[in-house]
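Before any comments, here is the structure.
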Amino acid sequence: MINQWARAAMKGGVEPTAAWLVRRGVHPDVVTVVGTVASTASALWLIPTGHLFAASLVVCAFAMLDVLDGAMARARGVASPFGGVLDSVGDRLVDGAVFAGITWWAFGVDRPLLAGLALACLITGQLISYIKARAEAAGLRADGGLVERAERLILGLAGVGLVGLGVPYALDVALWLLAVGSVITIGQRVVAVWRSARDQYGAATGHTHPTDGPAPGRPATPDNGTVA
């Protein structure tokens, strides 16, 4: 949703910068690591210590490197499976650091309910990403959903920044929206995986009717016991 729109909107400015860096020998993985380390460190230092508005700006700025490294990889014209995995790992670290930092700060200011909401957002956010990764490992699809990574970061950091500017309950509203939206997104992705498995099974067996599904007691795809 927002992620696709943001990448399209930034394309004109990001791609020339990416090409310039590639020409000077900068590797996309370096940009990924720098963005991940800087975003994680900023979130875990600035948010718990109460520098909320600064945290929202700094973390957001470094998180934008996530767009730049992908553009650099395209500019190089060389697909890197390791780079894709590294980027995903970095995304999970940054997401976890932001909501862990909010949880830490909320406990420090004696806001246990807010801390619980932040933890819920952290857990559901990781689960949303895991569902997609596990589905893709099984050859299935689990794209889309109401709340993807861009929505989580934008809402979370916007709430943090507004509280830093003195807007009361901005973070409460943001986290409630994220918590509810994340639960809905989990349901959407589970349904997407089920539909993908149904379609895959139908194509393999010749049952193409839209209501056809796996036969009772027979899985649509083999379970090899791996964990994404």
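We name chains A, B, ... following the order of the structure tokens; residues begin at 1 in each chain, and ligands are numbered from 1 as shown.
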
Arg152 (chain A): which residues within 9 Å, counting only C-alpha atoms, same-chain residues fewer than 3 positions away excluded, as an mmCIF file with N, CA and C atoms, in the first residue's frame?
```
data_model
loop_
_atom_site.group_PDB
_atom_site.id
_atom_site.type_symbol
_atom_site.label_atom_id
_atom_site.label_comp_id
_atom_site.auth_asym_id
_atom_site.auth_seq_id
_atom_site.Cartn_x
_atom_site.Cartn_y
_atom_site.Cartn_z
ATOM 1 N N ASP A 95 12.427 -2.578 12.840
ATOM 2 C CA ASP A 95 11.052 -2.623 13.349
ATOM 3 C C ASP A 95 11.037 -2.989 14.834
ATOM 4 N N CYS A 121 2.231 -4.586 19.048
ATOM 5 C CA CYS A 121 2.599 -4.158 17.688
ATOM 6 C C CYS A 121 3.903 -4.817 17.244
ATOM 7 N N GLY A 125 3.756 -7.409 14.201
ATOM 8 C CA GLY A 125 4.538 -6.979 13.046
ATOM 9 C C GLY A 125 5.511 -8.054 12.587
ATOM 10 N N VAL A 147 -1.922 -3.461 6.919
ATOM 11 C CA VAL A 147 -0.774 -2.821 7.575
ATOM 12 C C VAL A 147 0.497 -3.573 7.195
ATOM 13 N N GLU A 148 1.289 -2.985 6.311
ATOM 14 C CA GLU A 148 2.583 -3.554 5.959
ATOM 15 C C GLU A 148 3.680 -2.764 6.682
ATOM 16 N N ARG A 149 4.929 -3.012 6.304
ATOM 17 C CA ARG A 149 6.032 -2.417 7.062
ATOM 18 C C ARG A 149 5.996 -0.889 7.030
ATOM 19 N N LEU A 155 3.190 5.099 11.099
ATOM 20 C CA LEU A 155 2.278 5.354 12.217
ATOM 21 C C LEU A 155 3.024 5.390 13.549
ATOM 22 N N GLY A 156 3.925 4.434 13.740
ATOM 23 C CA GLY A 156 4.672 4.384 14.997
ATOM 24 C C GLY A 156 5.523 5.621 15.215
ATOM 25 N N LEU A 157 6.295 6.002 14.190
ATOM 26 C CA LEU A 157 7.175 7.158 14.328
ATOM 27 C C LEU A 157 6.397 8.470 14.360
ATOM 28 N N LEU A 178 -2.495 0.569 14.962
ATOM 29 C CA LEU A 178 -1.559 -0.443 14.491
ATOM 30 C C LEU A 178 -1.899 -1.826 15.026
ATOM 31 N N SER A 182 -2.926 -4.625 12.537
ATOM 32 C CA SER A 182 -2.004 -5.750 12.399
ATOM 33 C C SER A 182 -2.728 -7.082 12.552
#
```

Listing only residues of region 104-158 of chain A within 9 Å of region 186-204 of chain A, what is the closest atom pair and its distance in Å (to one decimal) for each, using only C-alpha atoms, sorted by chain and residue number ascending, as CSV?
```
residue,atom,partner,partner_atom,distance
A:Thr124,CA,A:Ile186,CA,7.6
A:Gly125,CA,A:Ile186,CA,8.9
A:Leu127,CA,A:Ile186,CA,7.5
A:Ile128,CA,A:Ile186,CA,5.7
A:Ile131,CA,A:Arg189,CA,7.0
A:Lys132,CA,A:Arg189,CA,7.4
A:Ala135,CA,A:Val193,CA,6.5
A:Gly139,CA,A:Ala197,CA,8.7
A:Leu140,CA,A:Ser196,CA,5.7
A:Arg141,CA,A:Val193,CA,5.7
A:Ala142,CA,A:Arg189,CA,5.2
A:Asp143,CA,A:Arg189,CA,6.8
A:Gly144,CA,A:Arg189,CA,7.3
A:Gly145,CA,A:Gln188,CA,5.9
A:Leu146,CA,A:Gln188,CA,8.0
```

Store the residues picked out above, limited to N, CA and C atoms, as an mmCIF file, in the first residue's frame.
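Final output, saved to again_34.cif:
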```cif
data_model
loop_
_atom_site.group_PDB
_atom_site.id
_atom_site.type_symbol
_atom_site.label_atom_id
_atom_site.label_comp_id
_atom_site.auth_asym_id
_atom_site.auth_seq_id
_atom_site.Cartn_x
_atom_site.Cartn_y
_atom_site.Cartn_z
ATOM 1 N N THR A 124 3.006 -8.679 16.551
ATOM 2 C CA THR A 124 2.189 -8.877 15.352
ATOM 3 C C THR A 124 2.933 -8.446 14.090
ATOM 4 N N GLY A 125 3.756 -7.409 14.201
ATOM 5 C CA GLY A 125 4.538 -6.979 13.046
ATOM 6 C C GLY A 125 5.511 -8.054 12.587
ATOM 7 N N LEU A 127 5.154 -11.220 13.134
ATOM 8 C CA LEU A 127 4.359 -12.340 12.636
ATOM 9 C C LEU A 127 3.880 -12.090 11.207
ATOM 10 N N ILE A 128 3.487 -10.853 10.917
ATOM 11 C CA ILE A 128 3.067 -10.515 9.554
ATOM 12 C C ILE A 128 4.190 -10.811 8.563
ATOM 13 N N ILE A 131 4.776 -14.714 8.229
ATOM 14 C CA ILE A 131 3.786 -15.421 7.410
ATOM 15 C C ILE A 131 4.175 -15.350 5.937
ATOM 16 N N LYS A 132 4.560 -14.153 5.489
ATOM 17 C CA LYS A 132 4.954 -14.000 4.089
ATOM 18 C C LYS A 132 6.203 -14.812 3.774
ATOM 19 N N ALA A 135 5.383 -18.548 3.763
ATOM 20 C CA ALA A 135 4.572 -18.888 2.595
ATOM 21 C C ALA A 135 5.442 -18.963 1.343
ATOM 22 N N GLY A 139 6.491 -21.934 -1.522
ATOM 23 C CA GLY A 139 6.049 -21.718 -2.882
ATOM 24 C C GLY A 139 4.661 -21.123 -3.002
ATOM 25 N N LEU A 140 4.202 -20.459 -1.942
ATOM 26 C CA LEU A 140 2.868 -19.868 -1.918
ATOM 27 C C LEU A 140 2.974 -18.344 -1.884
ATOM 28 N N ARG A 141 1.836 -17.666 -1.955
ATOM 29 C CA ARG A 141 1.800 -16.204 -1.946
ATOM 30 C C ARG A 141 1.110 -15.707 -0.681
ATOM 31 N N ALA A 142 1.630 -14.608 -0.145
ATOM 32 C CA ALA A 142 1.001 -13.985 1.026
ATOM 33 C C ALA A 142 1.264 -12.489 1.006
ATOM 34 N N ASP A 143 1.000 -11.863 -0.121
ATOM 35 C CA ASP A 143 1.289 -10.439 -0.276
ATOM 36 C C ASP A 143 0.138 -9.579 0.257
ATOM 37 N N GLY A 144 0.445 -8.290 0.400
ATOM 38 C CA GLY A 144 -0.584 -7.312 0.715
ATOM 39 C C GLY A 144 -1.027 -7.330 2.163
ATOM 40 N N GLY A 145 -2.154 -6.692 2.399
ATOM 41 C CA GLY A 145 -2.671 -6.566 3.757
ATOM 42 C C GLY A 145 -2.836 -5.114 4.127
ATOM 43 N N LEU A 146 -3.633 -4.885 5.142
ATOM 44 C CA LEU A 146 -3.948 -3.523 5.563
ATOM 45 C C LEU A 146 -2.734 -2.784 6.099
#
```

Residue set, region 12-210 of chain A restricted to alpha helix (DSSP H), as a VMD selection string: chain A and resid 12 to 23 28 to 46 52 to 63 65 to 76 81 to 108 112 to 137 149 to 164 170 to 205

Point-to-point distance in Å for CA of Ala75 (chain A) and CA of His27 (chain A):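 CA of His27 (chain A) sits 10.8 Å away from CA of Ala75 (chain A).
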
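Checking A:Val26, A:Val67, A:Ala41, A:Ile47 one by one against Gly108 (chain A), counting only C-alpha atoms, you find the shortest gap at A:Ile47.
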